[in-house]
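Here's the structure we're looking at; comments come further down.
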Protein chains: 2
Amino acid sequence: MSVDVDELHDGVVRRLAGAGRRHTSGRRPVVAALVSADGPATISELVDLDVQLAQSSVYRNLAVLEEVGAVTRVVAHDDRVRFELAEALTHHPHHHLICGNCGVVGDFELAADAESALRGALARIGRSTRFRMDLRRLDLLGTCAACP
Amino acid sequence: MSVDVDELHDGVVRRLAGAGRRHTSGRRPVVAALVSADGPATISELVDLDVQLAQSSVYRNLAVLEEVGAVTRVVAHDDRVRFELAEALTHHPHHHLICGNCGVVGDFELAADAESALRGALARIGRSTRFRMDLRRLDLLGTCAACP
DNA sequence: CGAGTATCGAGAATCGATCTCGATCGAGGG
DNA sequence: CCCTCGATCGAGATCGATTCTCGATACTCG
């Protein structure tokens, strides 16, 4: 993760302020843990990364941060929810590779041409179905290197 | 769902037999409920569809059916797991559109050209990451017609 | 028919996620 | 600097989906 951490916190502060919320001593460590985590992290992973964190507060703060658009919720295939910093803050557009076996989630980027081709195809699909496609995210299932 | 139900049960029987399991009076209704469900269904939806079903048995049987490859587990964005009949049985290849808001899951198919283009792109990605991409499934996030 | 194994169903046990509630913290006003 | 009031905090209770336990049944095969 090669993002200017101060700039990132600034972004978080702005979003929170815009909703009348504060960037508190309870939320900063959560954001910090998300930065240090390599990719989408579960609550328990975050608590492990920073033992000071109270589980209930992490849940609450992640909910708030998600509400103001600072973090994004990622659902994988093990029944735990994962969170990651929003692309708007990290400036790092990406999609997810989910291991259908163990649930690990990895990030990847599509080449520009593949990305635009995909967007075109999906826009067509969105029109033919009752869904509005935003292509905010593309979750792909595969098998990670650690699984058989 | 326009599949020959008898042929479908035959497929289920074959898969179960191949693993030394039986297609019992407890599993048939589950498969039947999956057929009548329109798309991936949650356990409670299945139980609602057939009040005779015992919840614990549905869980167990779906696990068995998944084990032998007769059904597939689908993870959406509401915290419930959904199940659907495996493509190998329905002969109906498709991907999923997941409403990021309410969690509803819909099916869709990609046009052949888009599908192959996508496969190519993903194969490349699989090589550059530590994931083995199988493109068994493509889950897309969008917003369904019923959500704001 | 009898043995041995796969299943069944109801209820208990798990465990991640959410909610409750009294104690704190922080920005502004006085 | 003190006070007020809403935003937050943290620990523990609660919720709800999923899984496990276990005695009772249903089949298959000899």
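Chain labels A, B, ... are given in the sequence in which chains occur in the structure tokens; within each chain residues are numbered consecutively from 1, and ligands are likewise numbered from 1 in the order shown.
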
Apply DSSP to the backbone of this structure and, from chain B, keep only the residues in strand (DSSP E or B); write these as an MDAnalysis selection string. chainID B and resid 41:42 71:75 81:85 95:99 105:108 131:144

Shell of 10 Å around region 11-22 of chain D, only C-alpha atoms (C1' of nucleotides), local chain residues under 6 positions omitted, as a ChimeraX atom specification: /A:54-56,79 /B:43-44,56,59-60,79-81 /C:11-20

Residue selection dump (C-alpha atoms (C1' of nucleotides)) as a PDB file, in the first residue's frame:
```
ATOM      1  CA  ALA A  54     -12.315  -3.104  21.116  1.00  0.00           C
ATOM      2  CA  GLN A  55     -14.274  -5.391  18.867  1.00  0.00           C
ATOM      3  CA  SER A  56     -17.572  -3.613  19.327  1.00  0.00           C
ATOM      4  CA  ASP A  79     -18.763 -16.197   6.039  1.00  0.00           C
TER       5      ASP A  79
ATOM      6  CA  ILE B  43     -32.224 -22.009   3.325  1.00  0.00           C
ATOM      7  CA  SER B  44     -35.159 -20.190   4.825  1.00  0.00           C
ATOM      8  CA  SER B  56     -31.292 -28.979  10.005  1.00  0.00           C
ATOM      9  CA  TYR B  59     -28.490 -27.645   5.824  1.00  0.00           C
ATOM     10  CA  ARG B  60     -27.029 -31.118   5.966  1.00  0.00           C
ATOM     11  CA  ASP B  79     -25.240 -12.416   5.274  1.00  0.00           C
ATOM     12  CA  ARG B  80     -27.092 -15.473   4.070  1.00  0.00           C
ATOM     13  CA  VAL B  81     -25.716 -18.190   1.921  1.00  0.00           C
TER      14      VAL B  81
ATOM     15  C1'  DG C  11     -32.794 -29.134  19.979  1.00  0.00           C
ATOM     16  C1'  DA C  12     -28.349 -27.536  21.842  1.00  0.00           C
ATOM     17  C1'  DA C  13     -24.165 -25.228  20.831  1.00  0.00           C
ATOM     18  C1'  DT C  14     -21.275 -21.947  17.951  1.00  0.00           C
ATOM     19  C1'  DC C  15     -19.769 -17.756  16.549  1.00  0.00           C
ATOM     20  C1'  DG C  16     -19.827 -13.574  13.806  1.00  0.00           C
ATOM     21  C1'  DA C  17     -22.362  -9.350  13.962  1.00  0.00           C
ATOM     22  C1'  DT C  18     -25.327  -6.049  16.282  1.00  0.00           C
ATOM     23  C1'  DC C  19     -27.368  -3.693  20.065  1.00  0.00           C
ATOM     24  C1'  DT C  20     -27.633  -1.670  24.866  1.00  0.00           C
TER      25       DT C  20
END
```

Chain C residues within 9 Å of chain B, counting only C-alpha atoms (C1' of nucleotides): which ones, as a PyMOL selection string? chain C and resi 6-10

Considering only C-alpha atoms, give me a table of residues in chain B that are at most 7 Å from chain A, with the closest atom pair and distance in Å for each, as a Markdown table.
```
| residue | atom | partner | partner_atom | distance |
| --- | --- | --- | --- | --- |
| B:Val75 | CA | A:His77 | CA | 6.1 |
| B:His77 | CA | A:Val75 | CA | 6.1 |
| B:Ala114 | CA | A:Ala121 | CA | 6.2 |
| B:Ala121 | CA | A:Ala114 | CA | 6.2 |
| B:Arg130 | CA | A:Ala145 | CA | 5.3 |
| B:Phe131 | CA | A:Cys144 | CA | 4.4 |
| B:Arg132 | CA | A:Thr143 | CA | 5.2 |
| B:Met133 | CA | A:Gly142 | CA | 4.5 |
| B:Asp134 | CA | A:Gly142 | CA | 5.4 |
| B:Leu135 | CA | A:Leu141 | CA | 6.4 |
| B:Arg136 | CA | A:Leu141 | CA | 6.8 |
| B:Arg137 | CA | A:Leu141 | CA | 5.9 |
| B:Leu138 | CA | A:Leu140 | CA | 5.3 |
| B:Asp139 | CA | A:Asp139 | CA | 5.4 |
| B:Leu140 | CA | A:Leu138 | CA | 5.3 |
| B:Leu141 | CA | A:Arg137 | CA | 6.0 |
| B:Gly142 | CA | A:Met133 | CA | 4.4 |
| B:Thr143 | CA | A:Arg132 | CA | 5.2 |
| B:Cys144 | CA | A:Phe131 | CA | 4.5 |
| B:Ala145 | CA | A:Arg130 | CA | 5.3 |
```

Need the shell around Glu67 (chain B): protein/DNA/RNA residues with any atom at most 10 Å away, counting only C-alpha atoms (C1' of nucleotides). Skip same-chain ones fewer than 5 positions apart. Format as number ranges by chain? B: 15-16, 19, 61-62, 72

With C-alpha atoms retained, write the just-selected residues as a CSV table (one decimal), in the first residue's frame.
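Wrote part_39.csv, looks like this:
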```csv
chain,number,residue,atom,x,y,z
B,15,ARG,CA,-23.4,-37.9,-8.4
B,16,LEU,CA,-24.6,-39.2,-5.0
B,19,ALA,CA,-19.8,-40.9,-3.5
B,61,ASN,CA,-28.4,-32.2,2.6
B,62,LEU,CA,-27.3,-29.1,0.9
B,72,THR,CA,-23.4,-24.6,-5.7
```

Which residues of chain D come within 8 Å of chain A, and what is each one's closest atom pair and distance in Å (one decimal), counting only C-alpha atoms (C1' of nucleotides), sorted by chain and residue number, as a tab-separated table?
```
residue	atom	partner	partner_atom	distance
D:DA7	C1'	A:Arg21	CA	7.4
D:DC9	C1'	A:Ser57	CA	7.2
D:DG10	C1'	A:Ala54	CA	6.5
```

Take the residues that were just selected and, keeping N, CA and C atoms (P, O5', C5', C4', C3', O3' and C1' of nucleotides), output them as a PDB file, in the first residue's frame.
```pdb
ATOM      1  P    DA D   7     -25.084  14.003  17.847  1.00  0.00           P
ATOM      2  O5'  DA D   7     -23.591  13.472  17.957  1.00  0.00           O
ATOM      3  C5'  DA D   7     -22.529  14.318  17.542  1.00  0.00           C
ATOM      4  C4'  DA D   7     -21.193  13.635  17.804  1.00  0.00           C
ATOM      5  C3'  DA D   7     -21.104  12.220  17.236  1.00  0.00           C
ATOM      6  O3'  DA D   7     -19.757  11.991  16.819  1.00  0.00           O
ATOM      7  C1'  DA D   7     -20.872  12.124  19.589  1.00  0.00           C
ATOM      8  P    DC D   9     -15.225   6.280  18.796  1.00  0.00           P
ATOM      9  O5'  DC D   9     -15.168   5.624  20.249  1.00  0.00           O
ATOM     10  C5'  DC D   9     -15.053   6.463  21.352  1.00  0.00           C
ATOM     11  C4'  DC D   9     -14.739   5.703  22.614  1.00  0.00           C
ATOM     12  C3'  DC D   9     -14.449   4.219  22.440  1.00  0.00           C
ATOM     13  O3'  DC D   9     -13.351   3.790  23.215  1.00  0.00           O
ATOM     14  C1'  DC D   9     -16.422   4.546  23.793  1.00  0.00           C
ATOM     15  P    DG D  10     -12.755   2.307  22.850  1.00  0.00           P
ATOM     16  O5'  DG D  10     -13.409   1.396  23.973  1.00  0.00           O
ATOM     17  C5'  DG D  10     -13.350   1.826  25.320  1.00  0.00           C
ATOM     18  C4'  DG D  10     -14.029   0.816  26.214  1.00  0.00           C
ATOM     19  C3'  DG D  10     -13.748  -0.631  25.845  1.00  0.00           C
ATOM     20  O3'  DG D  10     -13.716  -1.378  27.049  1.00  0.00           O
ATOM     21  C1'  DG D  10     -16.070  -0.215  25.637  1.00  0.00           C
TER      22       DG D  10
END
```

Would you list, as number ranges by chain, the residues of chain A that end up in helix (DSSP H, G or I) under DSSP run on this structure's backbone? A: 5-18, 28-36, 43-49, 55-67, 87-90, 112-128

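Taking CA of Gly11 (chain B) and CA of Arg28 (chain B) as endpoints, the distance between them is 12.0 Å.
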